[in-house]
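One structure is given below, encoded as structure tokens.
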Amino acid sequence: MKWYFASRVRHTENLVKASEFLVSQGQEIVSTWIYGKSLKPYHEHVQEAQQVGSENLQAILETDIFVLISDAEGTDMFVELGAALACATERPGSIRIYNVGEYSKRSLMQVHPAIIHVSSMEDVFVNEGINISEFRKLNMDF
């Protein structure tokens, strides 16, 4: 399965660990932004930001499982969520969308019926049939 993570940049370190775990389980990570450098401020890196934005959108269009790590703040992750919801609407059953955490219902689109709300990343993995015993050893908190 192809996985895409949407989140605030401050979660990048944990997302890399989660991604490495998933790869060890035979999964594919398509949210390559987690491995890149910060492009902020975007107006100083317009061409590179445009390229990364285009790549992210294409990855979302091709993903099987989209996971949003909710947060009290954030912007781009909601644009990514919108793209995932468009996929779910245009191609029902083509993508599963998870919203993880305590801030998972803070905006209108976060309560869209295509979204599965869970408390933790472990819940996502269990729902997807992935053995979480090794993941638990990583002791991550999103």
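Residue numbers start at 1 in each chain; chains themselves are named A, B, ... in the order of the structure tokens; ligands are numbered from 1 in the order shown.
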Per-residue nearest contacts of segment 64-140 of chain A to segment 16-24 of chain A (8 Å; only C-alpha atoms) as JSON lines:
```
{"residue": "A:Glu134", "atom": "CA", "partner": "A:Phe21", "partner_atom": "CA", "distance": 7.8}
{"residue": "A:Phe135", "atom": "CA", "partner": "A:Phe21", "partner_atom": "CA", "distance": 6.5}
{"residue": "A:Leu138", "atom": "CA", "partner": "A:Lys17", "partner_atom": "CA", "distance": 7.7}
```
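In terms of minimum interatomic distance to Arg8 of chain A, A:Gly74 ranks closest within A:Gly74, A:Pro41, A:Gly26, A:Gly36, counting only C-alpha atoms.
DSSP, applied to the backbone of this structure, assigns strand (DSSP E) to the following residues of chain A: Lys2, Trp3, Tyr4, Phe5, Ala6, Glu28, Ile29, Ile65, Phe66, Val67, Leu68, Ile69, Arg96, Ile97, Tyr98, Asn99, Val100, Ile115, Ile116, His117 and Val118 of chain A.
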May I have the residues from that selection written out with N, CA and C atoms, as a compact mmCIF listing (two decimals), in the first residue's frame?
```txt
# COMPACT_ATOMS: atom_id res chain seq x y z
N LYS A 2 0.38 2.28 -0.61
CA LYS A 2 1.06 3.58 -0.65
C LYS A 2 0.47 4.49 0.43
N TRP A 3 1.36 5.08 1.22
CA TRP A 3 0.96 5.93 2.34
C TRP A 3 1.41 7.36 2.12
N TYR A 4 0.53 8.31 2.48
CA TYR A 4 0.88 9.73 2.47
C TYR A 4 0.55 10.31 3.83
N PHE A 5 1.53 11.01 4.42
CA PHE A 5 1.33 11.68 5.70
C PHE A 5 1.25 13.18 5.49
N ALA A 6 0.22 13.78 6.07
CA ALA A 6 0.07 15.24 6.09
C ALA A 6 0.17 15.67 7.55
N GLU A 28 4.80 1.28 1.19
CA GLU A 28 5.50 2.32 0.43
C GLU A 28 5.07 3.69 0.93
N ILE A 29 6.04 4.59 1.12
CA ILE A 29 5.75 5.95 1.56
C ILE A 29 5.88 6.87 0.36
N ILE A 65 -3.55 5.24 1.26
CA ILE A 65 -3.87 5.59 2.65
C ILE A 65 -3.29 6.97 2.94
N PHE A 66 -4.17 7.89 3.27
CA PHE A 66 -3.80 9.26 3.59
C PHE A 66 -4.01 9.44 5.09
N VAL A 67 -2.96 9.93 5.77
CA VAL A 67 -3.04 10.12 7.23
C VAL A 67 -2.71 11.57 7.55
N LEU A 68 -3.67 12.23 8.18
CA LEU A 68 -3.46 13.60 8.67
C LEU A 68 -3.22 13.53 10.17
N ILE A 69 -2.08 14.05 10.60
CA ILE A 69 -1.80 14.17 12.03
C ILE A 69 -2.37 15.51 12.46
N ARG A 96 -8.22 5.60 1.55
CA ARG A 96 -8.74 5.67 2.91
C ARG A 96 -8.07 6.86 3.58
N ILE A 97 -8.87 7.67 4.23
CA ILE A 97 -8.37 8.90 4.86
C ILE A 97 -8.56 8.80 6.37
N TYR A 98 -7.44 8.96 7.08
CA TYR A 98 -7.45 8.95 8.54
C TYR A 98 -7.10 10.33 9.05
N ASN A 99 -7.75 10.71 10.15
CA ASN A 99 -7.41 11.94 10.86
C ASN A 99 -7.09 11.52 12.28
N VAL A 100 -5.85 11.75 12.70
CA VAL A 100 -5.33 11.23 13.96
C VAL A 100 -5.21 12.34 15.00
N ILE A 115 -13.79 10.53 6.13
CA ILE A 115 -12.65 10.50 7.05
C ILE A 115 -12.91 9.54 8.20
N ILE A 116 -11.90 8.75 8.50
CA ILE A 116 -11.91 7.85 9.66
C ILE A 116 -11.14 8.54 10.77
N HIS A 117 -11.80 8.80 11.89
CA HIS A 117 -11.16 9.49 13.02
C HIS A 117 -10.63 8.45 14.01
N VAL A 118 -9.36 8.60 14.37
CA VAL A 118 -8.73 7.70 15.33
C VAL A 118 -7.92 8.51 16.32
```
I'd like the neighbourhood of Lys40 of chain A as a PDB file with C-alpha atoms, in the first residue's frame, where a residue qualifies if any of its atoms comes within 10 Å (using only C-alpha atoms), though same-chain residues fewer than 5 positions away should be ignored.
```pdb
ATOM      1  CA  HIS A  45      12.205  29.460  -2.706  1.00  0.00           C
ATOM      2  CA  VAL A  46       9.308  29.758  -5.150  1.00  0.00           C
ATOM      3  CA  ALA A  49       8.343  25.081  -3.453  1.00  0.00           C
TER       4      ALA A  49
END
```
- [ ] Go through chain A and collect every residue that DSSP, computed from the backbone, puts in alpha helix (DSSP H); the answer should be as a VMD selection string.
- [x] chain A and resid 12 to 24 46 to 62 76 to 90 121 to 127 133 to 137
TODO: Find the residue from A:Asp123, A:Glu13, A:Asp71, A:Glu62 that sits nearest to Glu102 of chain A; use only C-alpha atoms when measuring.
DONE: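 For Glu102 of chain A, the nearest of the given residues is A:Asp71.
Residue neighbourhood of Glu55 of chain A, excluding near-sequence residues (fewer than 3 positions): Ser31, Thr32, Trp33, Gln50, Gln51, Val52, Gln58, Ala59 and Ile60 of chain A, at 9 Å, using only C-alpha atoms.
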Open item on the list: To one decimal place in Å, what is the distance between atom CA of Gly82 of chain A and atom CA of Thr63 of chain A?
Closed with: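 Atom-to-atom, atom CA of Gly82 of chain A and atom CA of Thr63 of chain A are spaced 13.7 Å apart.
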